[in-house]
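Undergrad: Pasting a structure below so you can have a look.
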Amino acid sequence: MSGLLGWMGGAANVEAAEALNGMAQAARIATPLMIGVSSSTAAVAAWQTHDAVSVHSAGNLSAVLVGQARWEIPDLQQQAEQNGWAASIIEAYRTYGPNFLERLHGPFALALVDAQAEVALLAIDRLGIQPLAFAQTAKGLVFASDARAVAAHPDVNNALSPQGLFNYLFFHMVPSPGSIFSGVGKLLPGQCVVWRQGRLERNFYWRLVYRDDGGDNSEGKVSRFKSLLSDAVRTAADAPQVGAFLSGGTDSSTVTGFLIQSLGKPADTFSIGFDAEGFDEMEYARLASRHFGTRPHEYYLTPADVVTAIPKIAAAYDEPFGNASAIPAYYCAKLAHDAGISVMLAGDGGDEIFGGNARYAKQKVFELYWQLPAWARQNLIEPLSGALPNVGLLRKAKSYVEQARIPLPDRLETYNFLHRDPLDQILTPDFLAQIQTNQPEALLREVYDRTESHSFINRMLHLDMKFTLADNDLRKVSRACELGGVAVRYPLLDEALVAFSAELTPDEKVRGQYLRYFFKKSLADFLPREIIDKSKHGFGLPFGLWMQTHPELRALANDSLSALRKRGIVQPAYIDRLLDQHRGGHASYYGVMVWVLMMLEQWLAQNGHTSLS
């Protein structure tokens, strides 16, 4: 992906060109840098692959912007179109100060430095589509779109963070605001950082405000929704050689259908299949393709493809990344690139803004428990359930009470792999001594509690917009597309559409146990009924099954875990037990954690980390 890098302040003995080159090499940037300013105390630069980039300097101010932004102020929009986006950022900063961010929209990451005033401003878009990492040093602020680039600056300690490693094992990725590097942080969606003469401030310039009840029930709401969908897809499709991911799910099918409408002709769609029972969804992709009249492109992934892609995927991400569906996303993007496509439209975001994840309905059942009087829960139900034997329906009732007693959002992690066994049986004593084991839950609570809503449905949606989307799925797809050679856009994360979704009441998102009620009802005459009614599946990779049957894939996994044993992070006995459980008939389930550990070792090896120091 395109990106930015630079610094404000710094040690006088830092050689600017050498530092920029070192940062670029760490991030594996293969294209020449576009430099706005370069000195030992201030630097702004960028590189361009698929996303738009703009760099500009004017007097003491230098700015860089990556992404497809737009101004709500006509004069600034005109200046951006005439003189470049970075020039318009400088003008906006002169006029409004940091508050200009409230008037800037679309997916972007930006940096602005004022060499005279010793000020640096960093920001990313409201949904976290574009990433940005940074580190405060003794002398200033270092920043880049790639965390590896920040860690490579001479003023930054590039040691790995034990806490970041633990958070990776918990979440299968490293969520913001931390990173895999000690002292390196990442911006959260809708957040900005201002560094001013040695002082650092983090603030949210935008928050999504949800409606809890009393929604608009007018018939015009459905028309407005469809109009917003159409506008979002048309804007995203404003590019030559555009295509779409098509898994056959609700979101990719919706984006595909509106893309056909926008173009007024058939569009190219790209689908990945798996020759594994319970994983292949190609029949739904073909159904959507026939329904809308696309030019379908299909590829069936093989275990050999996975073996080939694993080291590439590990090297492409700036932090360890354990979402196995990055592999099919990469091959789908590569398929599109080979067909001459330059921009792909992805359907990510629909579940997290319209209420499509199964856990939303599941948690409604558990939340009923909290509607009972406190005296009944504490003095009657909980003592009684504790005395119940673990047999039949009584075991289910006991389990229900045990889970329901755990408040949200902690309850969402009840089945986390790190909760299945005592931590001292999973991680080594030396590693455990360096971490805060309760930090993952604290991160979840911070986002859940920060939600501008009292509804637990809206709070879970807000939680997933951060952890499932910004930290996980968007990073997965964006990096996979970059590796595959195409740009990607996310029309369902159009800001106007997201704001509309927040106006829907929780009941319009999850009605009873029915997910995405308003979305599916509104598109009942647009999507095939089979797709509306299908259960959620995702883009899963049958790694656990294939590891059992494919010798080369099994050897790669075993070799990776053998190397990980020696790093002093995970207990060797736990790895042995995990592999035994994987061989014992639960290949898909235990294969998830095997993959997470394998990709950790692959990332460490690909990035030359021989130790945690």
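Every chain in the structure tokens takes a letter, A first, then B, and so on in the order presented; its residues are numbered from 1, and the ligands are numbered from 1 following the presented order.
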Run DSSP on the backbone and grab whatever in stretch 333-484 of chain A lands in helix (DSSP H, G or I); send it over as number ranges by chain.

TA: A: 333-338, 350-354, 358-371, 374-386, 392-404, 410-413, 417-420, 423-426, 429-432, 439-450, 456-484

Undergrad: Please dump the current selection as a compact mmCIF listing (two decimals), in the first residue's frame; keep C-alpha atoms.

TA:
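Generated output (selection-v3.txt):
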# COMPACT_ATOMS: atom_id res chain seq x y z
CA ALA A 333 -6.51 -10.06 -5.31
CA LYS A 334 -3.82 -11.76 -7.40
CA LEU A 335 -6.50 -13.29 -9.60
CA ALA A 336 -7.95 -9.82 -10.14
CA HIS A 337 -4.54 -8.31 -10.93
CA ASP A 338 -3.83 -11.02 -13.49
CA GLY A 350 -21.74 -4.56 6.73
CA ASP A 351 -21.92 -6.87 9.72
CA GLU A 352 -20.32 -4.33 12.05
CA ILE A 353 -22.56 -1.43 11.16
CA PHE A 354 -25.87 -3.20 10.42
CA ALA A 358 -24.00 -14.12 15.28
CA ARG A 359 -22.66 -13.04 18.68
CA TYR A 360 -25.04 -10.06 18.68
CA ALA A 361 -28.05 -12.39 18.81
CA LYS A 362 -26.31 -14.79 21.20
CA GLN A 363 -25.53 -12.03 23.68
CA LYS A 364 -29.17 -10.91 23.68
CA VAL A 365 -29.97 -14.23 25.33
CA PHE A 366 -27.32 -13.73 28.01
CA GLU A 367 -28.33 -10.11 28.63
CA LEU A 368 -31.83 -11.29 29.62
CA TYR A 369 -30.22 -12.51 32.81
CA TRP A 370 -29.31 -8.94 33.81
CA GLN A 371 -32.95 -7.86 33.51
CA ALA A 374 -30.48 -8.33 41.62
CA TRP A 375 -31.88 -10.10 44.73
CA ALA A 376 -33.14 -12.97 42.57
CA ARG A 377 -29.85 -13.36 40.76
CA GLN A 378 -27.64 -13.17 43.85
CA ASN A 379 -29.75 -14.94 46.44
CA LEU A 380 -31.65 -17.51 44.42
CA ILE A 381 -30.43 -18.30 40.94
CA GLU A 382 -26.65 -18.16 41.43
CA PRO A 383 -26.56 -20.29 44.62
CA LEU A 384 -28.97 -22.78 43.04
CA SER A 385 -27.04 -23.05 39.77
CA GLY A 386 -23.79 -23.59 41.66
CA GLY A 392 -28.05 -32.95 30.65
CA LEU A 393 -30.19 -29.84 30.71
CA LEU A 394 -28.97 -28.99 34.20
CA ARG A 395 -25.43 -28.62 32.85
CA LYS A 396 -26.71 -26.24 30.17
CA ALA A 397 -28.57 -24.18 32.76
CA LYS A 398 -25.48 -24.03 34.95
CA SER A 399 -23.32 -23.00 31.99
CA TYR A 400 -25.83 -20.29 31.04
CA VAL A 401 -25.68 -18.71 34.50
CA GLU A 402 -21.88 -18.97 34.64
CA GLN A 403 -21.52 -17.15 31.32
CA ALA A 404 -24.31 -14.65 31.91
CA ASP A 410 -15.49 -9.70 28.84
CA ARG A 411 -18.10 -12.36 28.13
CA LEU A 412 -17.23 -12.20 24.42
CA GLU A 413 -13.84 -13.72 25.21
CA PHE A 417 -7.67 -19.95 23.61
CA LEU A 418 -5.75 -18.17 26.37
CA HIS A 419 -8.64 -18.86 28.74
CA ARG A 420 -8.81 -22.59 28.05
CA LEU A 423 -1.60 -19.00 31.52
CA ASP A 424 1.40 -20.48 33.31
CA GLN A 425 0.77 -23.67 31.35
CA ILE A 426 0.74 -21.75 28.05
CA PRO A 429 7.49 -17.73 33.53
CA ASP A 430 10.02 -15.20 32.20
CA PHE A 431 7.60 -14.04 29.52
CA LEU A 432 4.64 -13.85 31.90
CA GLN A 439 -4.62 -5.64 29.34
CA PRO A 440 -6.64 -7.25 26.50
CA GLU A 441 -9.86 -7.06 28.52
CA ALA A 442 -9.01 -3.49 29.53
CA LEU A 443 -8.64 -2.55 25.86
CA LEU A 444 -12.02 -4.09 25.09
CA ARG A 445 -13.71 -2.31 27.99
CA GLU A 446 -12.28 1.07 27.00
CA VAL A 447 -13.86 0.91 23.54
CA TYR A 448 -17.10 -0.67 24.76
CA ASP A 449 -17.54 1.94 27.50
CA ARG A 450 -16.60 4.82 25.19
CA PHE A 456 -25.33 -3.30 24.47
CA ILE A 457 -26.02 -4.03 20.78
CA ASN A 458 -24.63 -0.66 19.73
CA ARG A 459 -21.72 -1.04 22.12
CA MET A 460 -20.82 -4.39 20.57
CA LEU A 461 -21.08 -2.84 17.11
CA HIS A 462 -18.75 -0.04 18.18
CA LEU A 463 -16.37 -2.59 19.67
CA ASP A 464 -16.32 -4.57 16.43
CA MET A 465 -15.80 -1.48 14.29
CA LYS A 466 -12.52 -1.05 16.12
CA PHE A 467 -11.26 -4.59 16.83
CA THR A 468 -12.88 -6.65 14.04
CA LEU A 469 -12.68 -4.04 11.29
CA ALA A 470 -9.91 -1.48 11.85
CA ASP A 471 -7.49 -3.81 13.66
CA ASN A 472 -8.24 -6.99 11.76
CA ASP A 473 -10.33 -7.25 8.59
CA LEU A 474 -9.28 -3.96 6.99
CA ARG A 475 -5.61 -4.65 7.69
CA LYS A 476 -6.07 -8.16 6.31
CA VAL A 477 -7.68 -7.12 3.04
CA SER A 478 -5.60 -3.98 2.45
CA ARG A 479 -2.26 -5.76 2.91
CA ALA A 480 -3.41 -8.80 0.92
CA CYS A 481 -4.51 -6.57 -1.96
CA GLU A 482 -1.22 -4.69 -1.88
CA LEU A 483 0.63 -7.99 -2.06
CA GLY A 484 -1.65 -9.13 -4.86

Undergrad: Residues at most 12 Å from stretch 69-79 of chain A, counting only C-alpha atoms, excluding those fewer than 5 positions away in the same chain, as a PyMOL selection string?

TA: chain A and resi 51-54+84-96+100-110+124-126+129-130+235-236+494-495

Undergrad: Near A:Ala339, counting only C-alpha atoms, which residues have an atom at most 12 Å away, once you skip same-chain residues fewer than 2 positions from it, shown as a PyMOL selection string?

TA: chain A and resi 241-243+268-270+295-298+332-337+341-344+484-486

Undergrad: With only C-alpha atoms as the basis for distance, which of A:Lys139, A:Val14, A:Gly355, A:Ser145 is at the shortest distance from A:Ala45?

TA: A:Ser145

Undergrad: Find the distance between atom CA of A:Ala232 and atom CA of A:Gly128 and write it in Å to one decimal.

TA: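 Interatomic distance here is 17.2 Å.
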
Undergrad: Env of A:Gly248: 6 Å cut, atoms = only C-alpha atoms, seq-sep filter 5 positions within chain, self excluded. Answer as a PyMOL selection string.

TA: chain A and resi 253+284-285

Undergrad: Extract, using only C-alpha atoms, all DNA, RNA and protein residues at most 6 Å from A:Ala120, discarding same-chain residues fewer than 2 positions from it, and format them as a PDB file with N, CA and C atoms, in the first residue's frame.

TA:
ATOM      1  N   LEU A 112       1.471  16.408   9.316  1.00  0.00           N
ATOM      2  CA  LEU A 112       1.847  17.799   9.053  1.00  0.00           C
ATOM      3  C   LEU A 112       2.887  18.193  10.082  1.00  0.00           C
ATOM      4  N   VAL A 113       3.961  18.835   9.639  1.00  0.00           N
ATOM      5  CA  VAL A 113       4.992  19.305  10.571  1.00  0.00           C
ATOM      6  C   VAL A 113       5.228  20.793  10.361  1.00  0.00           C
ATOM      7  N   VAL A 194      -1.183  15.296  18.426  1.00  0.00           N
ATOM      8  CA  VAL A 194      -0.480  16.572  18.280  1.00  0.00           C
ATOM      9  C   VAL A 194       0.737  16.538  19.197  1.00  0.00           C
ATOM     10  N   TRP A 195       1.922  16.690  18.598  1.00  0.00           N
ATOM     11  CA  TRP A 195       3.167  16.805  19.362  1.00  0.00           C
ATOM     12  C   TRP A 195       3.623  18.258  19.270  1.00  0.00           C
TER      13      TRP A 195
END

Undergrad: Report as an MDAnalysis selection string: the residues of stretch 41-254 of chain A with a DSSP assignment of strand (DSSP E or B), based on the backbone of this structure.

TA: chainID A and resid 42:47 53:58 61:67 70:71 104:105 108:114 119:124 133:136 140:144 160 181 185:186 191:196 199:204 209 242:245

Undergrad: Could you tell me how far atom CA of A:Gly544 sits from atom CA of A:Glu277, in Å to one decimal place?

TA: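 Taking atom CA of A:Glu277 as the start and atom CA of A:Gly544 as the end point, the length is 12.4 Å.
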
Undergrad: What is the distance between atom CA of A:Val55 and atom CA of A:Ile35, in Å to one decimal?

TA: 7.1 Å

Undergrad: When you look at A:Ala159 with a cut-off of 10 Å (counting only C-alpha atoms), what residues show up, excluding the ones that are within fewer than 5 positions of it in the same chain? I need them as a list in words.

TA: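 Once the adjacent positions are removed, what remains is Ala151, Ala152, Ile180, Phe181, Ser182, Gly183, Val184, His609, Ser611, Leu612 and Ser613 of chain A.
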
Undergrad: When distances are computed from only C-alpha atoms, which of A:Leu229, A:Ile29, A:Leu132, A:Ile569 shows the smallest separation from A:Pro189?

TA: A:Leu132
